[in-house]
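These notes concern the structure reproduced below.
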Amino acid sequence: MASGTQERVETDDSRPTVSLNQTEKSRPEAALDELIAGNRRFTSGRTSSHRRDLALLQQMMEKPEPFAAVLSCADSRVPVEVVFDQTIGQLFVTRVAGNMVTVEIMASLEYAAAVLGTHTILVMGHSRCGAVTAAIQAAQNAQAVPGQISALFPHLEPAVKQAGPDVDATVRANVLLQVARLRESPLLAGMIEGGKLLIAAGYFDLSSGAVTLLDQPQV
Ligand SMILES: [Zn+2]
């Protein structure tokens with residue numbers, strides 16, 4: 001069968017969708033470029049990251065080498081590998097409702113950068129974010145929410161104060177505030193200063209599927 005032949009060809013290629021060579025991998029901007037290029041493949045319906053099988057996973061048993069790290073919301077409409085057209089082993093992904101930097105998220109991203117050698121971290125918010133909407137509502141009417149959901153709100157409060165009650169503006173403000181939090185890490189700040197790390201701010205539009213980069217205040 002023709003499809004069987006095609007599968008065999010794909011299996012011979014160890015990393016079919018990563019175009020970054022070793023030199024490019026050490027350039028933080030190259031990783032960001034590949035993320036954006038992958039997102040353009042996604043929005044244009046020309047995805048190339050179709051191989052997601054056990055054999056590919058098994059090729060990475062020795063050492064993971066993700067070319068970028070992403071902090072995104074846990075929202076089911078933000079499947080990170082899918083929207084950046086990437087497959088197994090390419091992205092180090094941390095997700096939490098509201099894409100906020102908790103102590104554990106900070107530790108995870110420090111691990112990605114300092115131990116795994118990931119040269120780019122993208123913090124990405126998205127339109128219609130339920131966590132941000134809930135934090136805005138909590139600030140407005142202080143109604144109780146079930147369980148421990150309210151534990152999210154203190155992390156989002158600075159953005160709500162800065163840009164609320166507009167959800168979209170608050171999402172964008174929150175991304176920039178979380179980027180600023182990451183920059184407070186002496187470990188990450190040292191890597192940025194040494195030209196080994198780039199931290200970018202992104203916004204994912206659910207209706208278009210497009211990720212746009214947000215301008216960050218000069219530091
Ligand atoms: Zn969200």
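Each chain in the structure tokens gets a letter, A, B and so on, in the order shown; residues start at 1 in every chain, and ligands are counted from 1 in the order they appear.
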
Fill in: Cut-off 9 Å, only C-alpha atoms and all ligand atoms, neighbours of ligand 1 as a ChimeraX atom specification
/A:72-78,96-99,125-133,171

Region 137-167 of chain A residues near region 102-117 of chain A within 12 Å, closest pair each, using only C-alpha atoms, as CSV:
```
residue,atom,partner,partner_atom,distance
A:Ala151,CA,A:Thr102,CA,10.9
A:Leu152,CA,A:Thr102,CA,9.7
A:Phe153,CA,A:Thr102,CA,11.9
A:Pro154,CA,A:Thr102,CA,10.7
A:His155,CA,A:Thr102,CA,7.9
A:Leu156,CA,A:Thr102,CA,11.0
```

Worksheet entry | Gap from CA of Arg27 (chain A) to CA of Val101 (chain A) - Å, one decimal |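 Straight-line distance from CA of Arg27 (chain A) to CA of Val101 (chain A) works out to 24.5 Å.
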
Item to complete: Identify, on the basis of only C-alpha atoms, every residue whose closest approach to region 33-44 of chain A does not exceed 12 Å; exclude the query and any residue fewer than 2 positions from it along the same chain; express the result as a ChimeraX atom specification.
Response: /A:17-21,24-25,27-31,46-50,66-70,79-87,90-91,120-122,124,198,200,202-213

Preceding selection exported with N, CA and C atoms as a compact mmCIF listing (two decimals), in the first residue's frame:
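Here's the written file out.txt:
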```
# COMPACT_ATOMS: atom_id res chain seq x y z
N THR A 17 10.89 16.98 11.50
CA THR A 17 10.32 18.32 11.43
C THR A 17 11.22 19.40 12.02
N VAL A 18 12.35 19.03 12.64
CA VAL A 18 13.23 20.05 13.21
C VAL A 18 14.28 20.45 12.18
N SER A 19 14.28 21.71 11.83
CA SER A 19 15.23 22.16 10.82
C SER A 19 16.46 22.80 11.45
N LEU A 20 16.48 22.89 12.77
CA LEU A 20 17.60 23.57 13.42
C LEU A 20 18.82 22.65 13.49
N ASN A 21 19.96 23.12 12.99
CA ASN A 21 21.19 22.36 13.19
C ASN A 21 21.84 22.79 14.50
N GLU A 24 22.56 26.54 14.81
CA GLU A 24 21.34 27.33 14.97
C GLU A 24 20.71 27.12 16.33
N LYS A 25 20.84 25.92 16.85
CA LYS A 25 20.22 25.61 18.14
C LYS A 25 20.78 26.48 19.26
N ARG A 27 21.58 29.52 19.00
CA ARG A 27 21.18 30.92 18.81
C ARG A 27 19.73 31.06 19.27
N PRO A 28 19.51 31.79 20.39
CA PRO A 28 18.15 31.83 20.95
C PRO A 28 17.10 32.28 19.94
N GLU A 29 17.45 33.21 19.06
CA GLU A 29 16.45 33.73 18.11
C GLU A 29 16.00 32.64 17.12
N ALA A 30 16.87 31.68 16.84
CA ALA A 30 16.52 30.63 15.88
C ALA A 30 15.38 29.77 16.41
N ALA A 31 15.40 29.50 17.71
CA ALA A 31 14.35 28.69 18.30
C ALA A 31 13.01 29.43 18.25
N ARG A 46 -0.66 23.75 6.67
CA ARG A 46 0.45 23.02 6.04
C ARG A 46 1.37 22.42 7.10
N THR A 47 0.79 21.72 8.06
CA THR A 47 1.60 21.14 9.12
C THR A 47 2.48 20.02 8.58
N SER A 48 3.67 19.90 9.18
CA SER A 48 4.60 18.85 8.72
C SER A 48 4.98 17.90 9.85
N SER A 49 4.51 18.19 11.05
CA SER A 49 4.90 17.39 12.20
C SER A 49 3.91 16.26 12.45
N HIS A 50 3.88 15.33 11.50
CA HIS A 50 2.86 14.27 11.59
C HIS A 50 3.35 13.01 12.26
N PRO A 66 14.96 19.47 23.96
CA PRO A 66 13.94 20.37 23.41
C PRO A 66 14.59 21.67 22.96
N PHE A 67 14.16 22.19 21.82
CA PHE A 67 14.79 23.42 21.33
C PHE A 67 14.16 24.68 21.92
N ALA A 68 12.98 24.53 22.54
CA ALA A 68 12.34 25.69 23.17
C ALA A 68 11.50 25.24 24.34
N ALA A 69 11.29 26.15 25.28
CA ALA A 69 10.38 25.89 26.41
C ALA A 69 9.21 26.86 26.29
N VAL A 70 8.04 26.37 26.68
CA VAL A 70 6.83 27.20 26.60
C VAL A 70 6.09 27.11 27.92
N PRO A 79 -3.32 23.48 22.80
CA PRO A 79 -2.39 22.34 22.77
C PRO A 79 -1.06 22.78 22.15
N VAL A 80 -0.07 22.94 22.98
CA VAL A 80 1.14 23.67 22.58
C VAL A 80 1.85 23.04 21.38
N GLU A 81 2.13 21.73 21.46
CA GLU A 81 2.84 21.10 20.34
C GLU A 81 2.05 21.23 19.03
N VAL A 82 0.74 21.15 19.13
CA VAL A 82 -0.08 21.21 17.92
C VAL A 82 -0.03 22.60 17.29
N VAL A 83 -0.19 23.65 18.10
CA VAL A 83 -0.27 24.99 17.51
C VAL A 83 1.09 25.46 17.01
N PHE A 84 2.17 24.82 17.46
CA PHE A 84 3.50 25.17 16.92
C PHE A 84 4.00 24.12 15.94
N ASP A 85 3.14 23.18 15.57
CA ASP A 85 3.51 22.13 14.61
C ASP A 85 4.82 21.44 15.01
N GLN A 86 4.86 20.93 16.23
CA GLN A 86 6.05 20.22 16.73
C GLN A 86 5.63 18.84 17.22
N THR A 87 6.59 17.97 17.35
CA THR A 87 6.26 16.61 17.78
C THR A 87 7.02 16.23 19.06
N GLN A 90 10.49 17.92 21.14
CA GLN A 90 10.93 19.22 20.62
C GLN A 90 10.66 20.38 21.56
N LEU A 91 9.61 20.27 22.36
CA LEU A 91 9.26 21.36 23.26
C LEU A 91 9.24 20.90 24.71
N THR A 120 15.42 29.21 24.49
CA THR A 120 14.29 30.14 24.39
C THR A 120 13.15 29.69 25.30
N ILE A 121 12.59 30.64 26.03
CA ILE A 121 11.37 30.39 26.80
C ILE A 121 10.30 31.34 26.27
N LEU A 122 9.17 30.78 25.89
CA LEU A 122 8.04 31.61 25.44
C LEU A 122 6.92 31.50 26.46
N MET A 124 3.11 32.28 27.02
CA MET A 124 2.02 32.51 26.08
C MET A 124 0.65 32.53 26.74
N LEU A 198 16.77 33.59 25.70
CA LEU A 198 15.83 34.63 25.29
C LEU A 198 14.49 34.28 25.92
N ALA A 200 10.58 35.26 25.60
CA ALA A 200 9.65 35.99 24.73
C ALA A 200 8.24 35.94 25.32
N GLY A 202 4.17 35.91 24.28
CA GLY A 202 3.31 35.60 23.14
C GLY A 202 1.84 35.62 23.50
N TYR A 203 1.02 35.78 22.48
CA TYR A 203 -0.44 35.81 22.63
C TYR A 203 -1.04 34.91 21.56
N PHE A 204 -1.86 33.96 22.00
CA PHE A 204 -2.48 33.00 21.09
C PHE A 204 -3.95 33.37 20.89
N ASP A 205 -4.31 33.65 19.66
CA ASP A 205 -5.68 34.02 19.33
C ASP A 205 -6.45 32.76 18.93
N LEU A 206 -7.43 32.39 19.75
CA LEU A 206 -8.16 31.14 19.48
C LEU A 206 -8.89 31.18 18.14
N SER A 207 -9.38 32.33 17.74
CA SER A 207 -10.19 32.37 16.52
C SER A 207 -9.35 32.21 15.25
N SER A 208 -8.13 32.74 15.26
CA SER A 208 -7.28 32.63 14.06
C SER A 208 -6.23 31.54 14.20
N GLY A 209 -5.96 31.10 15.42
CA GLY A 209 -4.91 30.11 15.66
C GLY A 209 -3.52 30.71 15.62
N ALA A 210 -3.44 32.03 15.46
CA ALA A 210 -2.13 32.67 15.29
C ALA A 210 -1.53 33.09 16.63
N VAL A 211 -0.22 32.90 16.73
CA VAL A 211 0.54 33.38 17.89
C VAL A 211 1.27 34.65 17.46
N THR A 212 1.08 35.71 18.23
CA THR A 212 1.83 36.94 17.96
C THR A 212 2.72 37.23 19.15
N LEU A 213 3.87 37.83 18.87
CA LEU A 213 4.80 38.18 19.94
C LEU A 213 4.45 39.56 20.47
```

Practice prompt. One decimal, Å: what's the distance from CA of Gln143 (chain A) over to CA of Val175 (chain A), could you say?
Written response: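 Value for the CA of Gln143 (chain A)-CA of Val175 (chain A) distance: 25.1 Å.
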
Item to complete: Work out how far CA of Ala180 (chain A) is from CA of Gly195 (chain A), in Å to one decimal.
Response: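 Rounded to one decimal, the two atoms are 17.3 Å apart.
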
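Distances here use only C-alpha atoms; by that measure, the residue among A:Gln148, A:Thr170, A:Gln59, A:Asn141 closest to Ile88 (chain A) is A:Gln59.
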
Discussion item. Need to verify the contact set: Gln58 (chain A), 12 Å, only C-alpha atoms, exclusion of same-chain residues closer than 2 positions in sequence. Can you return it as a list of chain:residue names?
Written reply: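 Skipping anything fewer than 2 positions along the chain leaves A:Thr11, A:Ser14, A:Arg15, A:Arg52, A:Asp53, A:Leu54, A:Ala55, A:Leu56, A:Met60, A:Met61, A:Glu62, A:Lys63, A:Pro64, A:Ile88, A:Gly89.
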
Fill in: Among listed residues A:Arg51, A:Ile199, A:His119, A:Ala159, nearest Glu65 (chain A) (using only C-alpha atoms)
A:His119

Worksheet item: Got a sec to tell me which of region 1-204 of chain A DSSP assigns to helix (DSSP H, G or I), as a VMD selection string?
Response: chain A and resid 2 to 12 22 to 25 28 to 43 54 to 58 80 to 83 103 to 114 130 to 141 149 to 163 167 to 183 186 to 193

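For the residues A:Asn174, A:Gln216, A:Ser150, A:Thr118, ranking by smallest atom-to-atom distance to Lys196 (chain A) using only C-alpha atoms places A:Thr118 first.
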
Item to complete: Mind checking which residues fall within 8 Å of Leu188 (chain A), counting only C-alpha atoms, ignoring those fewer than 3 positions away in the same chain, and posting them as a list in words?
Response: Glu110, Ala113, Ala114, Leu182, Arg183, Glu184, Ser185, Met191, Ile192 and Leu197 of chain A

Worksheet item: If we count only C-alpha atoms, what is near Gln140 (chain A) at a cut-off of 10 Å, once residues fewer than 4 positions away on the same chain are taken out, given as a ChimeraX atom specification?
Response: /A:134-136,164-165

Worksheet item: Of the residues A:Ala189, A:Leu177, A:Leu32, A:Ala139, which is the one nearest to Pro217 (chain A), using only C-alpha atoms?
Response: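 The closest residue to Pro217 (chain A) is A:Leu177.
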